[in-house]
Each structure stands twice: as structure tokens, then as C-alpha cells.
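Asks: This one is my_file_37.tsv, TSV, N, CA, C and O atoms.
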```tsv
chain	number	residue	atom	x	y	z
A	1	LEU	N	0.82	-1.20	0.00
A	1	LEU	CA	0.00	0.00	0.00
A	1	LEU	C	0.87	1.27	0.00
A	1	LEU	O	0.60	2.19	-0.72
A	2	ILE	N	1.92	1.26	0.81
A	2	ILE	CA	2.81	2.42	0.87
A	2	ILE	C	3.57	2.58	-0.44
A	2	ILE	O	3.71	3.69	-0.96
A	3	ASP	N	4.03	1.46	-1.02
A	3	ASP	CA	4.74	1.52	-2.29
A	3	ASP	C	3.85	2.12	-3.38
A	3	ASP	O	4.31	2.92	-4.19
A	4	LYS	N	2.58	1.75	-3.39
A	4	LYS	CA	1.65	2.27	-4.39
A	4	LYS	C	1.49	3.79	-4.23
A	4	LYS	O	1.53	4.53	-5.20
A	5	SER	N	1.36	4.26	-2.98
A	5	SER	CA	1.21	5.69	-2.72
A	5	SER	C	2.45	6.47	-3.12
A	5	SER	O	2.37	7.54	-3.70
A	6	VAL	N	3.61	5.91	-2.83
A	6	VAL	CA	4.86	6.56	-3.19
A	6	VAL	C	5.00	6.65	-4.71
A	6	VAL	O	5.36	7.69	-5.25
A	7	ASN	N	4.67	5.57	-5.40
A	7	ASN	CA	4.74	5.58	-6.87
A	7	ASN	C	3.77	6.58	-7.46
A	7	ASN	O	4.09	7.26	-8.45
A	8	GLU	N	2.58	6.72	-6.88
A	8	GLU	CA	1.62	7.70	-7.36
A	8	GLU	C	2.14	9.12	-7.15
A	8	GLU	O	2.00	9.98	-8.01
A	9	LEU	N	2.75	9.38	-6.00
A	9	LEU	CA	3.31	10.71	-5.74
A	9	LEU	C	4.45	11.03	-6.69
A	9	LEU	O	4.57	12.16	-7.17
A	10	ILE	N	5.27	10.06	-6.99
A	10	ILE	CA	6.37	10.27	-7.94
A	10	ILE	C	5.82	10.60	-9.31
A	10	ILE	O	6.30	11.51	-10.00
A	11	ALA	N	4.77	9.88	-9.73
A	11	ALA	CA	4.16	10.14	-11.03
A	11	ALA	C	3.56	11.55	-11.08
A	11	ALA	O	3.75	12.28	-12.06
A	12	VAL	N	2.86	11.96	-10.03
A	12	VAL	CA	2.27	13.30	-9.98
A	12	VAL	C	3.37	14.35	-9.97
A	12	VAL	O	3.27	15.37	-10.65
A	13	ASP	N	4.44	14.12	-9.23
A	13	ASP	CA	5.54	15.06	-9.18
A	13	ASP	C	6.16	15.25	-10.57
A	13	ASP	O	6.48	16.37	-10.96
A	14	GLY	N	6.31	14.18	-11.33
A	14	GLY	CA	6.84	14.28	-12.69
A	14	GLY	C	5.93	15.09	-13.59
A	14	GLY	O	6.39	15.91	-14.39
A	15	ILE	N	4.61	14.91	-13.45
A	15	ILE	CA	3.66	15.68	-14.24
A	15	ILE	C	3.72	17.15	-13.86
A	15	ILE	O	3.76	18.03	-14.72
A	16	LEU	N	3.73	17.44	-12.56
A	16	LEU	CA	3.81	18.83	-12.12
A	16	LEU	C	5.10	19.49	-12.58
A	16	LEU	O	5.10	20.66	-12.99
A	17	GLU	N	6.20	18.76	-12.53
A	17	GLU	CA	7.48	19.32	-12.97
A	17	GLU	C	7.43	19.68	-14.44
A	17	GLU	O	7.92	20.73	-14.85
A	18	SER	N	6.80	18.84	-15.27
A	18	SER	CA	6.73	19.15	-16.70
A	18	SER	C	5.78	20.30	-16.96
A	18	SER	O	5.99	21.08	-17.88
A	19	ILE	N	4.72	20.46	-16.15
A	19	ILE	CA	3.80	21.58	-16.33
A	19	ILE	C	4.48	22.89	-15.93
A	19	ILE	O	4.36	23.90	-16.61
A	20	ILE	N	5.20	22.88	-14.84
A	20	ILE	CA	5.87	24.09	-14.35
A	20	ILE	C	6.96	24.54	-15.32
A	20	ILE	O	7.24	25.71	-15.44
A	21	ASP	N	7.54	23.61	-16.05
A	21	ASP	CA	8.63	23.93	-16.96
A	21	ASP	C	8.15	24.74	-18.17
A	21	ASP	O	8.94	25.37	-18.83
A	22	VAL	N	6.85	24.78	-18.43
A	22	VAL	CA	6.31	25.44	-19.61
A	22	VAL	C	5.80	26.83	-19.24
A	22	VAL	O	5.06	26.98	-18.28
A	23	ILE	N	6.25	27.86	-19.99
A	23	ILE	CA	5.84	29.23	-19.73
A	23	ILE	C	5.27	29.86	-21.00
A	23	ILE	O	5.54	29.39	-22.11
A	24	CYS	N	4.49	30.92	-20.84
A	24	CYS	CA	3.93	31.64	-21.98
A	24	CYS	C	5.03	32.43	-22.70
A	24	CYS	O	6.12	32.62	-22.18
A	25	SER	N	4.69	32.92	-23.88
A	25	SER	CA	5.69	33.64	-24.67
A	25	SER	C	6.06	34.98	-24.04
A	25	SER	O	7.20	35.42	-24.17
A	26	ASP	N	5.13	35.63	-23.35
A	26	ASP	CA	5.45	36.92	-22.71
A	26	ASP	C	6.52	36.78	-21.63
A	26	ASP	O	7.53	37.48	-21.67
A	27	PRO	N	6.33	35.87	-20.64
A	27	PRO	CA	7.41	35.70	-19.66
A	27	PRO	C	8.70	35.15	-20.27
A	27	PRO	O	9.79	35.46	-19.80
A	28	ALA	N	8.56	34.35	-21.33
A	28	ALA	CA	9.75	33.84	-22.00
A	28	ALA	C	10.55	34.98	-22.61
A	28	ALA	O	11.78	35.00	-22.54
A	29	ALA	N	9.85	35.96	-23.18
A	29	ALA	CA	10.52	37.12	-23.76
A	29	ALA	C	11.22	37.94	-22.68
A	29	ALA	O	12.35	38.40	-22.88
A	30	VAL	N	10.57	38.10	-21.55
A	30	VAL	CA	11.18	38.84	-20.44
A	30	VAL	C	12.42	38.10	-19.95
A	30	VAL	O	13.47	38.70	-19.72
A	31	LEU	N	12.29	36.79	-19.79
A	31	LEU	CA	13.41	35.98	-19.32
A	31	LEU	C	14.60	36.05	-20.28
A	31	LEU	O	15.74	36.15	-19.86
A	32	ALA	N	14.32	36.02	-21.59
A	32	ALA	CA	15.39	36.06	-22.60
A	32	ALA	C	15.82	37.48	-22.94
A	32	ALA	O	16.77	37.67	-23.69
A	33	GLN	N	15.10	38.47	-22.42
A	33	GLN	CA	15.38	39.88	-22.69
A	33	GLN	C	15.31	40.18	-24.19
A	33	GLN	O	16.17	40.84	-24.76
A	34	VAL	N	14.24	39.66	-24.82
A	34	VAL	CA	13.97	39.93	-26.23
A	34	VAL	C	12.49	40.28	-26.36
A	34	VAL	O	11.72	40.15	-25.41
A	35	ALA	N	12.08	40.70	-27.55
A	35	ALA	CA	10.67	41.00	-27.80
A	35	ALA	C	9.88	39.71	-27.96
A	35	ALA	O	10.43	38.66	-28.31
A	36	VAL	N	8.58	39.78	-27.69
A	36	VAL	CA	7.70	38.62	-27.84
A	36	VAL	C	7.74	38.11	-29.28
A	36	VAL	O	7.71	36.91	-29.53
A	37	GLY	N	7.84	39.03	-30.23
A	37	GLY	CA	7.93	38.64	-31.63
A	37	GLY	C	9.15	37.78	-31.92
A	37	GLY	O	9.12	36.91	-32.78
A	38	THR	N	10.23	38.03	-31.19
A	38	THR	CA	11.44	37.21	-31.36
A	38	THR	C	11.19	35.79	-30.90
A	38	THR	O	11.59	34.83	-31.58
A	39	ILE	N	10.50	35.62	-29.78
A	39	ILE	CA	10.15	34.29	-29.30
A	39	ILE	C	9.29	33.58	-30.33
A	39	ILE	O	9.54	32.42	-30.69
A	40	ARG	N	8.30	34.27	-30.86
A	40	ARG	CA	7.42	33.67	-31.87
A	40	ARG	C	8.20	33.31	-33.13
A	40	ARG	O	7.95	32.28	-33.75
A	41	ARG	N	9.15	34.16	-33.52
A	41	ARG	CA	9.97	33.87	-34.69
A	41	ARG	C	10.84	32.65	-34.46
A	41	ARG	O	10.99	31.80	-35.33
A	42	TRP	N	11.42	32.53	-33.25
A	42	TRP	CA	12.23	31.36	-32.93
A	42	TRP	C	11.39	30.08	-33.01
A	42	TRP	O	11.87	29.05	-33.45
A	43	VAL	N	10.13	30.17	-32.59
A	43	VAL	CA	9.23	29.01	-32.68
A	43	VAL	C	8.95	28.70	-34.14
A	43	VAL	O	9.03	27.55	-34.59
A	44	ARG	N	8.63	29.72	-34.92
A	44	ARG	CA	8.32	29.54	-36.34
A	44	ARG	C	9.50	28.94	-37.11
A	44	ARG	O	9.32	28.10	-37.98
A	45	LYS	N	10.71	29.36	-36.77
A	45	LYS	CA	11.90	28.88	-37.47
A	45	LYS	C	12.42	27.56	-36.92
A	45	LYS	O	13.40	27.03	-37.41
A	46	GLY	N	11.79	27.05	-35.86
A	46	GLY	CA	12.19	25.77	-35.32
A	46	GLY	C	13.30	25.83	-34.29
A	46	GLY	O	13.82	24.80	-33.88
A	47	ARG	N	13.65	27.02	-33.86
A	47	ARG	CA	14.71	27.14	-32.84
A	47	ARG	C	14.19	26.80	-31.45
A	47	ARG	O	14.93	26.39	-30.58
A	48	LEU	N	12.88	26.99	-31.25
A	48	LEU	CA	12.22	26.62	-30.00
A	48	LEU	C	11.01	25.75	-30.33
A	48	LEU	O	10.31	26.02	-31.31
A	49	ARG	N	10.76	24.77	-29.50
A	49	ARG	CA	9.57	23.93	-29.66
A	49	ARG	C	8.44	24.58	-28.87
A	49	ARG	O	8.63	25.01	-27.74
A	50	ASP	N	7.27	24.66	-29.49
A	50	ASP	CA	6.14	25.23	-28.78
A	50	ASP	C	5.20	24.13	-28.30
A	50	ASP	O	5.17	23.04	-28.85
A	51	HIS	N	4.48	24.44	-27.25
A	51	HIS	CA	3.49	23.54	-26.67
A	51	HIS	C	2.21	24.36	-26.64
A	51	HIS	O	2.07	25.26	-25.83
A	52	ARG	N	1.30	24.06	-27.54
A	52	ARG	CA	0.10	24.89	-27.67
A	52	ARG	C	-1.00	24.42	-26.74
A	52	ARG	O	-1.21	23.23	-26.55
A	53	ALA	N	-1.68	25.39	-26.17
A	53	ALA	CA	-2.87	25.15	-25.37
A	53	ALA	C	-3.95	26.03	-25.99
A	53	ALA	O	-4.06	27.20	-25.67
A	54	GLY	N	-4.66	25.47	-26.95
A	54	GLY	CA	-5.60	26.28	-27.72
A	54	GLY	C	-4.81	27.21	-28.62
A	54	GLY	O	-3.94	26.78	-29.37
A	55	ARG	N	-5.08	28.49	-28.51
A	55	ARG	CA	-4.34	29.47	-29.31
A	55	ARG	C	-3.10	29.98	-28.60
A	55	ARG	O	-2.29	30.69	-29.19
A	56	ARG	N	-2.97	29.67	-27.33
A	56	ARG	CA	-1.83	30.15	-26.56
A	56	ARG	C	-0.58	29.31	-26.83
A	56	ARG	O	-0.65	28.09	-26.91
A	57	VAL	N	0.52	29.99	-26.97
A	57	VAL	CA	1.80	29.32	-27.22
A	57	VAL	C	2.56	29.24	-25.91
A	57	VAL	O	2.71	30.24	-25.20
A	58	ARG	N	3.01	28.07	-25.58
A	58	ARG	CA	3.81	27.85	-24.39
A	58	ARG	C	5.20	27.41	-24.83
A	58	ARG	O	5.36	26.72	-25.82
A	59	ILE	N	6.20	27.82	-24.07
A	59	ILE	CA	7.60	27.51	-24.37
A	59	ILE	C	8.18	26.74	-23.20
A	59	ILE	O	7.95	27.10	-22.05
A	60	SER	N	8.95	25.72	-23.49
A	60	SER	CA	9.64	24.99	-22.44
A	60	SER	C	10.78	25.86	-21.91
A	60	SER	O	11.63	26.32	-22.67
A	61	ARG	N	10.77	26.06	-20.60
A	61	ARG	CA	11.80	26.88	-19.98
A	61	ARG	C	13.19	26.27	-20.21
A	61	ARG	O	14.16	26.98	-20.47
A	62	SER	N	13.28	24.94	-20.17
A	62	SER	CA	14.58	24.29	-20.38
A	62	SER	C	15.05	24.46	-21.83
A	62	SER	O	16.24	24.65	-22.07
A	63	ASP	N	14.12	24.42	-22.81
A	63	ASP	CA	14.50	24.66	-24.20
A	63	ASP	C	14.99	26.10	-24.39
A	63	ASP	O	15.96	26.35	-25.11
A	64	LEU	N	14.32	27.04	-23.72
A	64	LEU	CA	14.72	28.44	-23.82
A	64	LEU	C	16.11	28.64	-23.22
A	64	LEU	O	16.97	29.29	-23.82
A	65	HIS	N	16.35	28.05	-22.06
A	65	HIS	CA	17.68	28.15	-21.44
A	65	HIS	C	18.75	27.53	-22.33
A	65	HIS	O	19.85	28.07	-22.46
A	66	ARG	N	18.44	26.40	-22.95
A	66	ARG	CA	19.39	25.75	-23.85
A	66	ARG	C	19.72	26.65	-25.03
A	66	ARG	O	20.88	26.83	-25.39
A	67	LEU	N	18.69	27.25	-25.61
A	67	LEU	CA	18.91	28.13	-26.76
A	67	LEU	C	19.75	29.34	-26.37
A	67	LEU	O	20.67	29.72	-27.09
A	68	LEU	N	19.45	29.92	-25.22
A	68	LEU	CA	20.21	31.09	-24.79
A	68	LEU	C	21.64	30.74	-24.41
A	68	LEU	O	22.57	31.51	-24.65
A	69	ARG	N	21.83	29.57	-23.83
A	69	ARG	CA	23.16	29.15	-23.41
A	69	ARG	C	24.02	28.72	-24.59
A	69	ARG	O	25.15	29.14	-24.73
A	70	GLU	N	23.46	27.89	-25.46
A	70	GLU	CA	24.24	27.31	-26.55
A	70	GLU	C	24.05	28.03	-27.87
A	70	GLU	O	24.92	27.97	-28.73
A	71	GLY	N	22.92	28.67	-28.04
A	71	GLY	CA	22.64	29.34	-29.29
A	71	GLY	C	22.37	28.39	-30.44
A	71	GLY	O	22.35	28.78	-31.59
A	72	THR	N	22.15	27.11	-30.12
A	72	THR	CA	21.91	26.13	-31.17
A	72	THR	C	20.43	25.94	-31.39
A	72	THR	O	19.66	25.86	-30.44
A	73	PRO	N	20.01	25.89	-32.63
A	73	PRO	CA	18.60	25.66	-32.90
A	73	PRO	C	18.18	24.25	-32.52
A	73	PRO	O	18.99	23.33	-32.53
A	74	LEU	N	16.91	24.10	-32.21
A	74	LEU	CA	16.37	22.80	-31.84
A	74	LEU	C	16.34	21.87	-33.05
A	74	LEU	O	16.65	20.71	-32.94
A	75	ASN	N	15.98	22.40	-34.21
A	75	ASN	CA	15.83	21.56	-35.39
A	75	ASN	C	16.48	22.27	-36.57
A	75	ASN	O	15.91	23.18	-37.15
A	76	ASP	N	17.67	21.84	-36.95
A	76	ASP	CA	18.38	22.46	-38.07
A	76	ASP	C	17.73	22.17	-39.41
A	76	ASP	O	17.81	22.95	-40.33
A	77	SER	N	17.11	21.02	-39.52
A	77	SER	CA	16.60	20.59	-40.82
A	77	SER	C	15.08	20.56	-40.83
A	77	SER	O	14.47	19.55	-41.15
A	78	ALA	N	14.46	21.69	-40.46
A	78	ALA	CA	13.01	21.76	-40.47
A	78	ALA	C	12.51	21.76	-41.91
A	78	ALA	O	12.92	22.57	-42.73
A	79	THR	N	11.63	20.82	-42.21
A	79	THR	CA	11.05	20.75	-43.54
A	79	THR	C	9.96	21.80	-43.67
A	79	THR	O	9.43	22.28	-42.64
A	80	PRO	N	9.61	22.18	-44.89
A	80	PRO	CA	8.51	23.14	-45.06
A	80	PRO	C	7.21	22.65	-44.41
A	80	PRO	O	6.44	23.44	-43.88
A	81	GLU	N	6.99	21.33	-44.45
A	81	GLU	CA	5.79	20.77	-43.84
A	81	GLU	C	5.80	20.98	-42.33
A	81	GLU	O	4.79	21.32	-41.72
A	82	ALA	N	6.96	20.78	-41.71
A	82	ALA	CA	7.07	20.95	-40.26
A	82	ALA	C	6.87	22.42	-39.87
A	82	ALA	O	6.22	22.72	-38.88
A	83	ILE	N	7.42	23.32	-40.67
A	83	ILE	CA	7.26	24.75	-40.40
A	83	ILE	C	5.79	25.14	-40.54
A	83	ILE	O	5.25	25.85	-39.71
A	84	ALA	N	5.12	24.65	-41.59
A	84	ALA	CA	3.70	24.95	-41.79
A	84	ALA	C	2.87	24.39	-40.65
A	84	ALA	O	1.92	25.03	-40.19
A	85	ARG	N	3.22	23.19	-40.17
A	85	ARG	CA	2.49	22.59	-39.06
A	85	ARG	C	2.64	23.44	-37.80
A	85	ARG	O	1.67	23.66	-37.07
A	86	ARG	N	3.84	23.94	-37.54
A	86	ARG	CA	4.05	24.80	-36.36
A	86	ARG	C	3.31	26.13	-36.52
A	86	ARG	O	2.76	26.66	-35.58
A	87	LYS	N	3.32	26.62	-37.76
A	87	LYS	CA	2.75	27.94	-37.99
A	87	LYS	C	1.22	27.92	-38.02
A	87	LYS	O	0.58	28.81	-37.49
A	88	TYR	N	0.65	26.89	-38.63
A	88	TYR	CA	-0.80	26.86	-38.85
A	88	TYR	C	-1.51	25.75	-38.09
A	88	TYR	O	-2.73	25.64	-38.17
A	89	GLY	N	-0.78	24.93	-37.38
A	89	GLY	CA	-1.40	23.89	-36.56
A	89	GLY	C	-1.76	22.68	-37.24
A	89	GLY	O	-1.79	21.97	-37.99
```
Take the structure I supplied and represent it as C-alpha cells, if you would.

Replies:
Amino acid sequence: LIDKSVNELIAVDGILESIIDVICSDPAAVLAQVAVGTIRRWVRKGRLRDHRAGRRVRISRSDLHRLLREGTPLNDSATPEAIARRKYG
């Protein structure tokens, strides 16, 4: 019984950690010290992966830190189809 409860708490903690890691484009722009349009452009060009919730764009905080630290794009070989999918859903 205790093992089951501990495993459930670990699973919930993992879900909460992944939810907390995702931020909106406005705070992401403040964090990166760039304009919101720059964040959206990075998503459009494949430098950042977006996590959409309806029409709202969410950015992984860890992806943003990686981009700012390394300056490497997430996907160097984005196909036109992938770009269109990111842009138009």
C-alpha cells in the first residue's frame, strides 16, 4: 500500500514538474530579454519547440535556457511541412 502511494506521488511530481517547466511567450521574452515577436519567430523557425494550449503558445523553460546558453537551434533541418504545421497547426 505504501509503495503504491509513493509511486503515485512520484508520477504526480513528474507531471507537475513538466507543467511548471512550460511558460507563456510573454514571460519567455522577459526571461530572454527579447521582444515577444522574437520568441514567436524562434518558434516559427524551429529554434524553439512550442506547446500549444488552444491558441496560446507555451515555451519549455529548459529549451529556452538551452537556446540562450548554446545558441543552437532545436531543429536544423526543419522541412517546409514541419514549419507549416508549427505555424498553422

Asks: For atom O of Ser62 of chain A and atom O of Asp50 of chain A, quote the distance in Å rounded to one decimal.

Replies: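 Going from atom O of Ser62 of chain A over to atom O of Asp50 of chain A, I get 13.1 Å.
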
Asks: Let me make sure I understand: among A:Arg58, A:Arg49, A:Ala35, A:His65, which one has the smallest atom-to-atom distance to Ile23 of chain A if we use all atoms listed in the file?

Replies: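 The shortest atom-to-atom distance to Ile23 of chain A comes from A:Arg58.
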
Asks: Name the residues in contact with segment 36-42 of chain A at a cut-off of 10 Å, using only C-alpha atoms, excluding same-chain residues fewer than 2 positions from it; report them as a PyMOL selection string.

Replies: chain A and resi 24-30+32-34+44-50+57+59+64+67+73-74+87

Asks: Rounded to one decimal place, report the atom CA of Val22 of chain A-atom CA of Arg52 of chain A distance in Å.

Replies: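 Rounded to one decimal, the two atoms are 10.2 Å apart.
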
Asks: Between atom N of Gly71 of chain A and atom C of Val43 of chain A, what distance in Å does the model show, to one decimal?

Replies: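 So the two atoms, atom N of Gly71 of chain A and atom C of Val43 of chain A, lie 15.2 Å apart.
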